[in-house]
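What follows is entry-v6.cif (mmCIF, C-alpha atoms and all ligand atoms).
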data_model
#
loop_
_atom_site.label_atom_id
_atom_site.label_comp_id
_atom_site.auth_asym_id
_atom_site.auth_seq_id
_atom_site.Cartn_x
_atom_site.Cartn_y
_atom_site.Cartn_z
CA MET Q 277 -31.79 71.02 71.02
CA GLU Q 278 -29.02 72.05 68.64
CA THR Q 279 -26.35 69.42 67.93
CA LYS Q 280 -22.78 70.63 67.40
CA LYS Q 281 -19.96 68.55 65.96
CA VAL Q 282 -17.51 70.05 68.42
CA ILE Q 283 -18.08 71.98 71.63
CA ILE Q 284 -15.00 73.45 73.28
CA ILE Q 285 -15.42 74.33 76.94
CA GLY Q 286 -12.95 76.99 78.02
CA SER Q 287 -11.15 79.78 76.23
CA GLY Q 288 -7.45 80.03 77.05
CA PRO Q 289 -4.70 79.29 74.52
CA ALA Q 290 -5.75 75.61 74.51
CA GLY Q 291 -9.42 76.32 73.75
CA TYR Q 292 -8.75 78.97 71.12
CA THR Q 293 -6.16 76.79 69.36
CA ALA Q 294 -8.59 73.84 69.36
CA ALA Q 295 -11.17 76.27 67.90
CA LEU Q 296 -8.74 77.42 65.19
CA TYR Q 297 -7.98 73.87 64.09
CA THR Q 298 -11.55 72.53 64.24
CA SER Q 299 -12.96 75.60 62.48
CA ARG Q 300 -10.39 75.28 59.70
CA ALA Q 301 -11.50 71.64 59.40
CA ASN Q 302 -15.05 72.94 58.75
CA LEU Q 303 -16.43 71.57 62.02
CA ALA Q 304 -18.06 74.90 63.04
CA PRO Q 305 -17.05 74.65 66.70
CA LEU Q 306 -18.82 76.39 69.54
CA VAL Q 307 -16.54 77.72 72.28
CA ILE Q 308 -18.24 78.18 75.63
CA GLU Q 309 -15.84 80.74 77.01
CA GLY Q 310 -16.72 81.02 80.69
CA HIS Q 311 -16.95 84.41 82.37
CA GLU Q 312 -13.30 85.33 81.73
CA PRO Q 313 -12.76 84.91 77.98
CA GLY Q 314 -9.09 84.27 77.31
CA GLY Q 315 -8.37 82.67 80.66
CA GLN Q 316 -5.31 83.26 82.81
CA LEU Q 317 -3.28 85.11 80.15
CA THR Q 318 -5.78 87.96 80.22
CA THR Q 319 -4.59 88.65 83.77
CA THR Q 320 -0.91 88.92 82.85
CA THR Q 321 1.01 91.66 81.10
CA ASP Q 322 4.13 90.89 79.06
CA VAL Q 323 4.45 87.37 77.70
CA GLU Q 324 8.06 86.97 76.62
CA ASN Q 325 8.11 83.24 75.97
CA PHE Q 326 5.45 82.73 73.30
CA PRO Q 327 7.38 82.07 70.08
CA GLY Q 328 6.90 84.49 67.23
CA PHE Q 329 6.99 87.70 69.27
CA PRO Q 330 10.63 88.83 69.53
CA GLU Q 331 9.62 91.91 71.54
CA GLY Q 332 7.10 90.00 73.68
CA VAL Q 333 3.34 90.38 73.53
CA MET Q 334 0.71 91.50 76.04
CA GLY Q 335 -1.29 88.52 77.37
CA PRO Q 336 -4.71 90.06 76.64
CA ASP Q 337 -3.61 90.97 73.08
CA LEU Q 338 -2.36 87.45 72.41
CA MET Q 339 -5.69 86.01 73.57
CA ALA Q 340 -7.75 88.54 71.60
CA ASN Q 341 -5.77 87.67 68.47
CA MET Q 342 -6.19 83.92 68.99
CA LYS Q 343 -9.94 84.42 69.38
CA LYS Q 344 -10.13 86.58 66.25
CA GLN Q 345 -8.09 84.07 64.26
CA ALA Q 346 -10.48 81.22 65.13
CA ALA Q 347 -13.54 83.44 64.48
CA ARG Q 348 -12.26 84.00 60.92
CA PHE Q 349 -12.97 80.33 60.11
CA GLY Q 350 -16.45 80.22 61.63
CA THR Q 351 -15.95 79.58 65.34
CA GLN Q 352 -18.93 80.68 67.43
CA TYR Q 353 -18.50 81.97 70.98
CA LEU Q 354 -20.81 81.97 73.94
CA GLN Q 355 -19.90 83.78 77.16
CA THR Q 356 -21.36 81.67 79.92
CA HIS Q 357 -20.33 78.85 82.23
CA VAL Q 358 -21.10 75.18 81.67
CA SER Q 359 -22.96 74.01 84.75
CA ASP Q 360 -23.49 70.38 83.79
CA VAL Q 361 -22.49 67.77 81.24
CA ASP Q 362 -23.99 64.35 80.61
CA LEU Q 363 -21.29 62.10 79.16
CA SER Q 364 -23.20 58.83 79.61
CA LYS Q 365 -24.11 58.68 75.89
CA ARG Q 366 -23.24 60.38 72.62
CA PRO Q 367 -24.08 63.04 71.60
CA PHE Q 368 -23.11 64.50 74.94
CA LYS Q 369 -25.44 66.98 76.61
CA VAL Q 370 -24.00 70.31 77.70
CA THR Q 371 -26.04 72.56 79.98
CA CYS Q 372 -25.01 76.19 80.49
CA GLU Q 373 -25.55 78.46 83.45
CA ASN Q 374 -27.61 80.84 81.27
CA GLY Q 375 -30.08 78.04 80.45
CA ASN Q 376 -28.74 77.16 76.98
CA GLU Q 377 -28.51 73.44 76.24
CA PHE Q 378 -26.58 71.77 73.42
CA LEU Q 379 -25.72 68.32 72.17
CA ALA Q 380 -22.11 67.69 71.15
CA GLU Q 381 -20.74 64.85 69.04
CA THR Q 382 -17.31 65.57 70.49
CA LEU Q 383 -16.26 67.63 73.46
CA ILE Q 384 -12.95 69.37 74.07
CA ILE Q 385 -12.34 70.38 77.68
CA SER Q 386 -9.96 73.31 78.11
CA THR Q 387 -11.28 74.93 81.27
CA GLY Q 388 -7.82 75.57 82.70
CA ALA Q 389 -7.08 76.22 86.32
CA SER Q 390 -8.02 79.01 88.74
CA ALA Q 391 -6.11 80.73 91.51
CA LYS Q 392 -6.14 79.04 94.91
CA TYR Q 393 -7.13 80.86 98.09
CA LEU Q 394 -5.98 80.04 101.61
CA GLY Q 395 -9.47 79.26 102.91
CA LEU Q 396 -9.44 81.90 105.65
CA PRO Q 397 -12.91 82.80 106.96
CA ASN Q 398 -13.35 86.32 105.50
CA GLU Q 399 -11.06 85.84 102.46
CA MET Q 400 -13.73 85.50 99.78
CA ALA Q 401 -15.90 88.27 101.24
CA LEU Q 402 -12.91 90.64 101.01
CA ILE Q 403 -12.20 90.00 97.32
CA GLY Q 404 -12.21 93.44 95.74
CA LYS Q 405 -11.79 95.03 99.18
CA GLY Q 406 -8.09 94.32 99.58
CA VAL Q 407 -7.95 90.60 98.73
CA SER Q 408 -6.89 89.65 95.21
CA ALA Q 409 -5.35 86.76 93.30
CA CYS Q 410 -4.48 88.92 90.32
CA ALA Q 411 -1.89 91.65 90.68
CA THR Q 412 -2.19 92.70 87.06
CA CYS Q 413 -5.95 93.19 87.47
CA ASP Q 414 -5.86 95.03 90.78
CA GLY Q 415 -2.31 96.37 91.26
CA PHE Q 416 -3.32 99.79 89.98
CA PHE Q 417 -5.45 100.34 93.10
CA TYR Q 418 -2.42 100.08 95.39
CA ARG Q 419 -0.45 103.15 94.38
CA ASP Q 420 1.81 104.16 97.30
CA LYS Q 421 0.27 101.48 99.50
CA VAL Q 422 1.71 98.52 101.38
CA VAL Q 423 0.83 95.06 100.09
CA HIS Q 424 1.58 91.49 101.11
CA VAL Q 425 1.90 88.65 98.60
CA ILE Q 426 1.51 85.07 99.81
CA GLY Q 427 3.53 82.22 98.24
CA GLY Q 428 7.04 81.30 97.16
CA GLY Q 429 6.60 80.18 93.54
CA ASP Q 430 6.83 81.98 90.20
CA THR Q 431 3.30 83.30 90.51
CA ALA Q 432 4.10 84.99 93.82
CA MET Q 433 7.35 86.46 92.42
CA GLU Q 434 5.60 87.73 89.32
CA GLU Q 435 2.81 89.30 91.39
CA ALA Q 436 5.29 90.89 93.79
CA MET Q 437 7.39 92.37 90.99
CA PHE Q 438 4.35 93.69 89.18
CA LEU Q 439 3.04 95.28 92.38
CA THR Q 440 6.30 97.23 92.86
CA LYS Q 441 5.18 99.39 89.92
CA PHE Q 442 2.49 100.81 92.18
CA ALA Q 443 2.95 99.93 95.84
CA SER Q 444 5.37 101.70 98.18
CA LYS Q 445 6.36 98.35 99.74
CA VAL Q 446 5.75 94.72 98.85
CA TYR Q 447 6.23 91.93 101.40
CA VAL Q 448 6.35 88.33 100.24
CA VAL Q 449 5.12 86.02 103.00
CA HIS Q 450 6.33 82.45 102.50
CA ARG Q 451 5.77 79.42 104.69
CA ARG Q 452 9.33 78.12 104.23
CA ASP Q 453 12.78 79.74 104.06
CA THR Q 454 13.53 78.82 100.44
CA LEU Q 455 11.62 79.78 97.35
CA ARG Q 456 10.10 77.36 94.89
CA ALA Q 457 10.31 79.96 92.10
CA SER Q 458 12.71 79.56 89.17
CA LYS Q 459 16.23 80.98 89.67
CA PRO Q 460 15.86 84.02 87.34
CA MET Q 461 12.55 85.00 88.97
CA GLN Q 462 14.03 84.59 92.46
CA GLU Q 463 17.02 86.71 91.55
CA ARG Q 464 14.89 89.47 90.07
CA ALA Q 465 12.58 89.56 93.08
CA MET Q 466 15.46 89.53 95.56
CA ALA Q 467 17.23 92.34 93.70
CA ASN Q 468 14.13 94.54 93.83
CA GLU Q 469 14.53 97.07 96.62
CA LYS Q 470 10.79 97.43 97.13
CA ILE Q 471 10.41 93.73 97.95
CA ASP Q 472 11.13 92.22 101.37
CA PHE Q 473 10.62 88.58 102.34
CA VAL Q 474 8.90 87.32 105.47
CA TRP Q 475 10.12 83.74 105.87
CA ASN Q 476 8.67 80.71 107.69
CA THR Q 477 5.43 82.55 108.13
CA GLU Q 478 1.78 81.54 107.76
CA VAL Q 479 -1.25 83.80 107.65
CA GLU Q 480 -3.80 83.06 110.37
CA GLU Q 481 -6.28 85.85 109.83
CA ILE Q 482 -7.03 88.76 107.54
CA LEU Q 483 -7.82 91.87 109.55
CA ALA Q 484 -10.40 94.22 108.08
CA ASP Q 485 -12.76 97.06 108.89
CA ASP Q 486 -15.62 98.65 106.91
CA THR Q 487 -13.18 99.99 104.33
CA GLY Q 488 -11.60 96.59 103.64
CA VAL Q 489 -8.30 94.89 104.50
CA THR Q 490 -6.22 96.66 107.15
CA GLY Q 491 -3.72 93.97 108.12
CA ILE Q 492 -2.90 90.30 108.64
CA ARG Q 493 -2.19 88.20 111.71
CA VAL Q 494 0.71 85.88 111.00
CA LYS Q 495 2.55 83.13 112.82
CA ASN Q 496 6.21 82.25 112.50
CA ASN Q 497 6.09 78.45 112.19
CA GLN Q 498 9.63 78.09 113.60
CA THR Q 499 9.32 80.24 116.73
CA GLY Q 500 5.53 80.14 117.19
CA GLU Q 501 5.53 83.91 117.47
CA VAL Q 502 2.25 85.56 116.42
CA SER Q 503 2.24 89.15 115.16
CA GLU Q 504 0.09 91.61 113.28
CA ARG Q 505 1.25 93.34 110.12
CA ALA Q 506 -0.49 96.38 108.64
CA THR Q 507 -1.34 96.02 104.95
CA ASP Q 508 -3.65 97.57 102.38
CA GLY Q 509 -3.56 94.65 99.99
CA PHE Q 510 -3.45 90.86 100.36
CA PHE Q 511 -2.44 89.06 97.16
CA LEU Q 512 -2.59 85.28 96.78
CA GLY Q 513 0.16 83.67 94.73
CA ILE Q 514 -0.10 80.08 95.94
CA GLY Q 515 -0.87 78.23 92.75
CA HIS Q 516 -3.93 77.04 90.92
CA ARG Q 517 -6.71 74.46 91.00
CA PRO Q 518 -8.02 72.76 87.83
CA ASN Q 519 -11.56 73.68 86.83
CA THR Q 520 -13.10 70.23 86.64
CA GLY Q 521 -15.90 70.45 89.23
CA PHE Q 522 -18.60 70.69 86.54
CA LEU Q 523 -17.62 67.22 85.27
CA LYS Q 524 -18.93 65.72 88.52
CA GLY Q 525 -16.66 62.69 88.39
CA GLN Q 526 -17.54 61.62 84.82
CA ILE Q 527 -13.95 62.11 83.63
CA LYS Q 528 -11.01 60.48 85.39
CA THR Q 529 -8.90 62.97 87.31
CA ASP Q 530 -6.05 62.73 89.79
CA GLU Q 531 -6.59 63.57 93.46
CA GLN Q 532 -6.05 67.30 92.76
CA GLY Q 533 -8.69 67.25 90.03
CA TYR Q 534 -6.40 67.35 86.96
CA ILE Q 535 -7.77 65.27 84.07
CA ILE Q 536 -5.62 62.20 83.45
CA PRO Q 537 -4.93 61.68 79.72
CA GLN Q 538 -5.71 58.06 78.81
CA ASN Q 539 -3.91 57.34 75.58
CA SER Q 540 -0.59 59.12 75.76
CA PRO Q 541 0.62 61.02 73.77
CA HIS Q 542 -2.98 61.67 72.63
CA PRO Q 543 -5.13 64.04 74.69
CA ASP Q 544 -7.93 61.46 75.07
CA THR Q 545 -9.94 61.04 78.25
CA ASN Q 546 -11.61 57.91 79.61
CA VAL Q 547 -14.78 58.83 77.64
CA ALA Q 548 -14.52 58.21 73.87
CA GLY Q 549 -15.16 61.48 72.03
CA VAL Q 550 -14.11 63.69 74.96
CA PHE Q 551 -10.66 65.28 74.77
CA ALA Q 552 -8.79 67.50 77.20
CA CYS Q 553 -6.10 70.12 76.64
CA GLY Q 554 -4.29 72.91 78.43
CA ASP Q 555 -3.83 73.41 82.15
CA VAL Q 556 -6.90 71.35 83.06
CA GLN Q 557 -4.82 68.24 82.28
CA ASP Q 558 -1.35 69.64 82.90
CA SER Q 559 -0.04 70.45 86.34
CA TYR Q 560 3.56 70.28 85.14
CA TYR Q 561 4.28 72.52 82.14
CA ARG Q 562 1.43 75.04 82.47
CA GLN Q 563 2.69 77.23 79.65
CA ALA Q 564 0.69 79.09 77.02
CA ILE Q 565 2.66 77.39 74.26
CA SER Q 566 2.21 73.87 75.66
CA ALA Q 567 -1.50 74.61 76.21
CA ALA Q 568 -1.81 75.80 72.61
CA GLY Q 569 0.04 72.69 71.40
CA SER Q 570 -2.26 70.37 73.29
CA GLY Q 571 -5.26 72.32 71.93
CA CYS Q 572 -4.05 71.54 68.43
CA MET Q 573 -3.70 67.85 69.35
CA ALA Q 574 -7.19 67.70 70.88
CA ALA Q 575 -8.67 69.31 67.76
CA ILE Q 576 -6.99 66.80 65.43
CA ARG Q 577 -8.13 63.92 67.66
CA ALA Q 578 -11.72 65.24 67.62
CA GLU Q 579 -11.62 65.55 63.83
CA ARG Q 580 -10.30 61.97 63.39
CA PHE Q 581 -12.85 60.69 65.91
CA LEU Q 582 -15.67 62.25 63.89
CA GLU Q 583 -14.25 60.75 60.67
CA GLU Q 584 -14.05 57.30 62.23
CA ASN Q 585 -17.45 57.53 63.86
CA GLY Q 586 -19.37 58.93 60.90
CA GLY Q 587 -19.83 62.43 62.22
CA HIS Q 588 -17.62 64.40 59.80
P1 LIG Q 601 3.72 76.64 92.63
O1 LIG Q 601 2.99 75.41 92.99
O2 LIG Q 601 5.00 76.57 91.90
O3 LIG Q 601 4.02 77.49 93.97
C1 LIG Q 601 3.01 77.70 94.92
C2 LIG Q 601 3.65 78.43 96.09
O4 LIG Q 601 2.64 78.73 97.05
C3 LIG Q 601 4.69 77.57 96.80
O5 LIG Q 601 5.77 78.38 97.23
C4 LIG Q 601 3.93 77.02 98.00
O6 LIG Q 601 4.72 76.83 99.14
C5 LIG Q 601 2.94 78.14 98.30
N1 LIG Q 601 1.69 77.59 98.87
C6 LIG Q 601 0.86 76.68 98.34
N2 LIG Q 601 -0.18 76.45 99.15
C7 LIG Q 601 0.00 77.24 100.24
C8 LIG Q 601 -0.72 77.46 101.42
N3 LIG Q 601 -1.87 76.82 101.67
N4 LIG Q 601 -0.23 78.33 102.30
C9 LIG Q 601 0.92 79.01 102.07
N5 LIG Q 601 1.66 78.85 100.96
C10 LIG Q 601 1.20 77.98 100.04
O7 LIG Q 601 2.65 77.54 91.84
P2 LIG Q 601 2.87 78.79 90.89
O8 LIG Q 601 1.51 79.24 90.56
O9 LIG Q 601 3.79 79.76 91.49
O10 LIG Q 601 3.57 78.20 89.59
C11 LIG Q 601 2.98 77.13 88.89
C12 LIG Q 601 3.74 76.84 87.60
O11 LIG Q 601 3.58 77.92 86.68
C13 LIG Q 601 5.22 76.68 87.82
O12 LIG Q 601 5.69 75.68 86.97
C14 LIG Q 601 5.78 78.01 87.43
O13 LIG Q 601 7.12 77.94 87.01
C15 LIG Q 601 4.84 78.45 86.32
N6 LIG Q 601 4.76 79.93 86.24
C16 LIG Q 601 5.62 80.57 85.40
C17 LIG Q 601 5.60 81.95 85.32
C18 LIG Q 601 6.55 82.62 84.38
O14 LIG Q 601 7.43 81.97 83.84
N7 LIG Q 601 6.43 83.91 84.13
C19 LIG Q 601 4.68 82.77 86.10
C20 LIG Q 601 3.82 81.99 86.98
C21 LIG Q 601 3.89 80.61 87.03
P3 LIG Q 601 5.83 75.66 99.19
O15 LIG Q 601 6.96 76.15 98.34
O16 LIG Q 601 6.18 75.60 100.63
O17 LIG Q 601 5.15 74.44 98.69
#
Now that the file is in, can you turn its structure into structure tokens?
Ligand code: NDP
Amino acid sequence: METKKVIIIGSGPAGYTAALYTSRANLAPLVIEGHEPGGQLTTTTDVENFPGFPEGVMGPDLMANMKKQAARFGTQYLQTHVSDVDLSKRPFKVTCENGNEFLAETLIISTGASAKYLGLPNEMALIGKGVSACATCDGFFYRDKVVHVIGGGDTAMEEAMFLTKFASKVYVVHRRDTLRASKPMQERAMANEKIDFVWNTEVEEILADDTGVTGIRVKNNQTGEVSERATDGFFLGIGHRPNTGFLKGQIKTDEQGYIIPQNSPHPDTNVAGVFACGDVQDSYYRQAISAAGSGCMAAIRAERFLEENGGH
């Protein structure tokens, strides 16, 4: 089994930045990218808050460039999921879904977070048939159609605004009567004539026929009134869940599954030689730039760890 000095699991801004730093330190990292190389930013359009791009940059372009930059210094990439890790001894064993197995002297976990679903019975079966958690991926299919977006945070606002480029009408269904989204996002969404808000409302059922989603059954949680609303699209914008299931309890996480850094400000975990960066350990900032910054920190920690433990 091949032994790597550094294996980076996950490929968002955190993973690619960790790859850039460790490859420039001659550690020949392997990035196991998952099935969506580039992570969440590949499902957004304009990124206006990543420094260095006065006109903004497209999320997928930013990720493609980060990947290319790390490849220049010898980073290897593998597009599969990690199904299992054994962190009980070093080198750590990493088992991939495609059957590949590796040993790693250090491990950097940057698996990010994935969109949450409501948990309604037919929700997952209807993905691609009217249910989506990614407006930028699927919005195009809703030209002149009616869509509903669920949630009251920045994700929901961003999805709703993006969908107005295509849909004839966008309804935002929120379980309270105030939004959690930041003020500028709220103001933009409220000013958009194509967007209407459905307050104090929870979705009870997604209605569908052979062609896909046709409507939703909702309940007003103040009046108890139940009603049906016709819709072609059902977009989730209710936040994210950290991708830590594959760790099977070997790394300390909080109750939501976010990795808890152990040696603040360093991105160390409770296992020596395993570091974590990006959204998988950050439920607060969740920004591309903070993810990239923590990727840099994890890479430097991995490099120092190898120096101190004779692996460099
Ligand atoms: P948030 O946790 O901020 O918001 C989630 C929203 O979904 C809340 O309104 C919440 O309702 C609602 N919700 C959660 N669970 C359910 C449920 N089971 N049923 C119904 N509604 C539910 O997540 P976001 O993904 O919106 O944002 C996360 C972070 O990322 C934030 O810090 C945000 O600022 C940032 N972000 C920034 C963007 C940008 O700047 N362009 C874009 C996207 C995100 P309630 O309010 O009642 O809890």
Using all atoms listed in the file, which residues sit within 10 Å of Ala457 (chain Q) once same-chain residues fewer than 4 positions away are excluded, as a list in words? Gly427, Gly428, Gly429, Asp430, Thr431, Ala432, Met433, Glu434, Met461, Gln462, Glu463 and Ala465 of chain Q
Excluding region 513-522 of chain Q and its own-chain neighbours fewer than 3 positions away, which residues fall within 10 Å of it when counting only C-alpha atoms? Please give them as a VMD selection string. chain Q and resid 286 357 to 361 385 to 394 408 to 411 425 to 436 448 to 450 510 525 to 527 529 532 to 535 555 to 559
Assuming 6 Å of padding per side, give the centre and edge lengths of the axis-aligned box around every listed atom of ligand LIG 601 (chain Q), in Å to one decimal and as JSON.
{"center_x": 2.8, "center_y": 79.2, "center_z": 93.1, "size_x": 21.3, "size_y": 21.5, "size_z": 30.5}
Using only C-alpha atoms, which protein or nucleic acid residues come within 10 Å of Val407 (chain Q)? Drop anything in the same chain fewer than 3 positions from it, and give the result as a PDB file with C-alpha atoms, keeping the file's coordinate frame.
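Final output, result.pdb:
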ATOM      1  CA  TYR Q 393      -7.130  80.860  98.090  1.00  0.00           C
ATOM      2  CA  ASN Q 398     -13.350  86.320 105.500  1.00  0.00           C
ATOM      3  CA  GLU Q 399     -11.060  85.840 102.460  1.00  0.00           C
ATOM      4  CA  MET Q 400     -13.730  85.500  99.780  1.00  0.00           C
ATOM      5  CA  ALA Q 401     -15.900  88.270 101.240  1.00  0.00           C
ATOM      6  CA  LEU Q 402     -12.910  90.640 101.010  1.00  0.00           C
ATOM      7  CA  ILE Q 403     -12.200  90.000  97.320  1.00  0.00           C
ATOM      8  CA  GLY Q 404     -12.210  93.440  95.740  1.00  0.00           C
ATOM      9  CA  CYS Q 410      -4.480  88.920  90.320  1.00  0.00           C
ATOM     10  CA  ASP Q 414      -5.860  95.030  90.780  1.00  0.00           C
ATOM     11  CA  VAL Q 423       0.830  95.060 100.090  1.00  0.00           C
ATOM     12  CA  HIS Q 424       1.580  91.490 101.110  1.00  0.00           C
ATOM     13  CA  ILE Q 482      -7.030  88.760 107.540  1.00  0.00           C
ATOM     14  CA  GLY Q 488     -11.600  96.590 103.640  1.00  0.00           C
ATOM     15  CA  VAL Q 489      -8.300  94.890 104.500  1.00  0.00           C
ATOM     16  CA  ASP Q 508      -3.650  97.570 102.380  1.00  0.00           C
ATOM     17  CA  GLY Q 509      -3.560  94.650  99.990  1.00  0.00           C
ATOM     18  CA  PHE Q 510      -3.450  90.860 100.360  1.00  0.00           C
ATOM     19  CA  PHE Q 511      -2.440  89.060  97.160  1.00  0.00           C
ATOM     20  CA  LEU Q 512      -2.590  85.280  96.780  1.00  0.00           C
TER      21      LEU Q 512
END
Using all atoms listed in the file, the shortest atom-to-atom distance to Glu480 (chain Q) among Q:Asn585, Q:Asn497, Q:Thr318, Q:Thr279 belongs to Q:Asn497
Between Q:Pro313, Q:Gly350, Q:Pro327, Q:Pro460, which one has atoms that come closest to Ser287 (chain Q), using all atoms listed in the file?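 So, comparing all the options, the nearest one is Q:Pro313.
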When you look at Tyr353 (chain Q) with a cut-off of 8 Å (counting only C-alpha atoms), what residues show up, excluding the ones that are within fewer than 2 positions of it in the same chain? I need them as a PyMOL selection string. chain Q and resi 306-309+351+355
For the atom pair CA of Asn476 (chain Q) and CA of Gln316 (chain Q), what is the interatomic distance in Å to one decimal place?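 Calculated distance between CA of Asn476 (chain Q) and CA of Gln316 (chain Q) is 28.7 Å.
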In Å, rounded to a single decimal, give me how far CA of Glu531 (chain Q) is from CA of Gly569 (chain Q).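 CA of Glu531 (chain Q) lies at a distance of 24.8 Å from CA of Gly569 (chain Q).
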Can you tell me how far CA of Tyr292 (chain Q) sits from CA of Lys343 (chain Q), in Å to one decimal? 5.8 Å
With distances taken over all atoms listed in the file, which of Q:His542, Q:Lys528, Q:Arg452, Q:Lys459 is nearest to ligand LIG 601 (chain Q)?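 Selected residue with least distance to ligand LIG 601 (chain Q): Q:Arg452.
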Contacts of region 544-546 of chain Q at 8 Å or less, counting all atoms listed in the file, minus same-chain residues fewer than 5 places along, as a JSON list (two decimals) with C-alpha atoms, in the coordinates of the input?
[["chain", "number", "residue", "atom", "x", "y", "z"],
["Q", 527, "ILE", "CA", -13.95, 62.11, 83.63],
["Q", 528, "LYS", "CA", -11.01, 60.48, 85.39],
["Q", 535, "ILE", "CA", -7.77, 65.27, 84.07],
["Q", 536, "ILE", "CA", -5.62, 62.20, 83.45],
["Q", 537, "PRO", "CA", -4.93, 61.68, 79.72],
["Q", 538, "GLN", "CA", -5.71, 58.06, 78.81],
["Q", 539, "ASN", "CA", -3.91, 57.34, 75.58],
["Q", 551, "PHE", "CA", -10.66, 65.28, 74.77],
["Q", 552, "ALA", "CA", -8.79, 67.50, 77.20],
["Q", 574, "ALA", "CA", -7.19, 67.70, 70.88],
["Q", 577, "ARG", "CA", -8.13, 63.92, 67.66]]
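In this comparison, which uses only C-alpha atoms and all ligand atoms, the residue of Q:Asn325, Q:Thr440, Q:Thr382, Q:Thr412 approaching ligand LIG 601 (chain Q) most closely is Q:Asn325.
Minimum atom-to-atom distance to ligand LIG 601 (chain Q), evaluated using only C-alpha atoms and all ligand atoms, belongs to Q:Gly335 out of Q:Gly571, Q:Gly335, Q:Gly406, Q:Gly500.
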The residue from Q:Arg300, Q:Lys495, Q:Arg580, Q:Arg348 with the smallest atom-to-atom distance to ligand LIG 601 (chain Q), counting all atoms listed in the file, is Q:Lys495
Please, could N, CA and C atoms be added to region 425-439 of chain Q and the result written as a PDB file, keeping the file's coordinate frame?
ATOM      1  N   VAL Q 425       2.160  89.707  99.581  1.00  0.00           N
ATOM      2  CA  VAL Q 425       1.900  88.650  98.600  1.00  0.00           C
ATOM      3  C   VAL Q 425       2.204  87.327  99.292  1.00  0.00           C
ATOM      4  N   ILE Q 426       1.319  86.355  99.143  1.00  0.00           N
ATOM      5  CA  ILE Q 426       1.510  85.070  99.810  1.00  0.00           C
ATOM      6  C   ILE Q 426       1.981  84.031  98.786  1.00  0.00           C
ATOM      7  N   GLY Q 427       3.060  83.291  99.128  1.00  0.00           N
ATOM      8  CA  GLY Q 427       3.530  82.220  98.240  1.00  0.00           C
ATOM      9  C   GLY Q 427       5.009  82.362  97.931  1.00  0.00           C
ATOM     10  N   GLY Q 428       5.603  81.285  97.444  1.00  0.00           N
ATOM     11  CA  GLY Q 428       7.040  81.300  97.160  1.00  0.00           C
ATOM     12  C   GLY Q 428       7.377  80.780  95.773  1.00  0.00           C
ATOM     13  N   GLY Q 429       6.376  80.679  94.899  1.00  0.00           N
ATOM     14  CA  GLY Q 429       6.600  80.180  93.540  1.00  0.00           C
ATOM     15  C   GLY Q 429       6.701  81.319  92.532  1.00  0.00           C
ATOM     16  N   ASP Q 430       6.717  80.967  91.247  1.00  0.00           N
ATOM     17  CA  ASP Q 430       6.830  81.980  90.200  1.00  0.00           C
ATOM     18  C   ASP Q 430       5.652  82.942  90.190  1.00  0.00           C
ATOM     19  N   THR Q 431       4.471  82.422  90.487  1.00  0.00           N
ATOM     20  CA  THR Q 431       3.300  83.300  90.510  1.00  0.00           C
ATOM     21  C   THR Q 431       3.485  84.391  91.549  1.00  0.00           C
ATOM     22  N   ALA Q 432       3.914  84.007  92.750  1.00  0.00           N
ATOM     23  CA  ALA Q 432       4.100  84.990  93.820  1.00  0.00           C
ATOM     24  C   ALA Q 432       5.171  86.008  93.436  1.00  0.00           C
ATOM     25  N   MET Q 433       6.274  85.539  92.821  1.00  0.00           N
ATOM     26  CA  MET Q 433       7.350  86.460  92.420  1.00  0.00           C
ATOM     27  C   MET Q 433       6.844  87.437  91.364  1.00  0.00           C
ATOM     28  N   GLU Q 434       6.103  86.884  90.399  1.00  0.00           N
ATOM     29  CA  GLU Q 434       5.600  87.730  89.320  1.00  0.00           C
ATOM     30  C   GLU Q 434       4.643  88.787  89.876  1.00  0.00           C
ATOM     31  N   GLU Q 435       3.760  88.356  90.779  1.00  0.00           N
ATOM     32  CA  GLU Q 435       2.810  89.300  91.390  1.00  0.00           C
ATOM     33  C   GLU Q 435       3.569  90.372  92.160  1.00  0.00           C
ATOM     34  N   ALA Q 436       4.551  89.934  92.964  1.00  0.00           N
ATOM     35  CA  ALA Q 436       5.290  90.890  93.790  1.00  0.00           C
ATOM     36  C   ALA Q 436       6.000  91.917  92.908  1.00  0.00           C
ATOM     37  N   MET Q 437       6.642  91.437  91.848  1.00  0.00           N
ATOM     38  CA  MET Q 437       7.390  92.370  90.990  1.00  0.00           C
ATOM     39  C   MET Q 437       6.437  93.332  90.285  1.00  0.00           C
ATOM     40  N   PHE Q 438       5.306  92.810  89.845  1.00  0.00           N
ATOM     41  CA  PHE Q 438       4.350  93.690  89.180  1.00  0.00           C
ATOM     42  C   PHE Q 438       3.849  94.764  90.151  1.00  0.00           C
ATOM     43  N   LEU Q 439       3.592  94.346  91.391  1.00  0.00           N
ATOM     44  CA  LEU Q 439       3.040  95.280  92.380  1.00  0.00           C
ATOM     45  C   LEU Q 439       4.020  96.396  92.734  1.00  0.00           C
TER      46      LEU Q 439
END
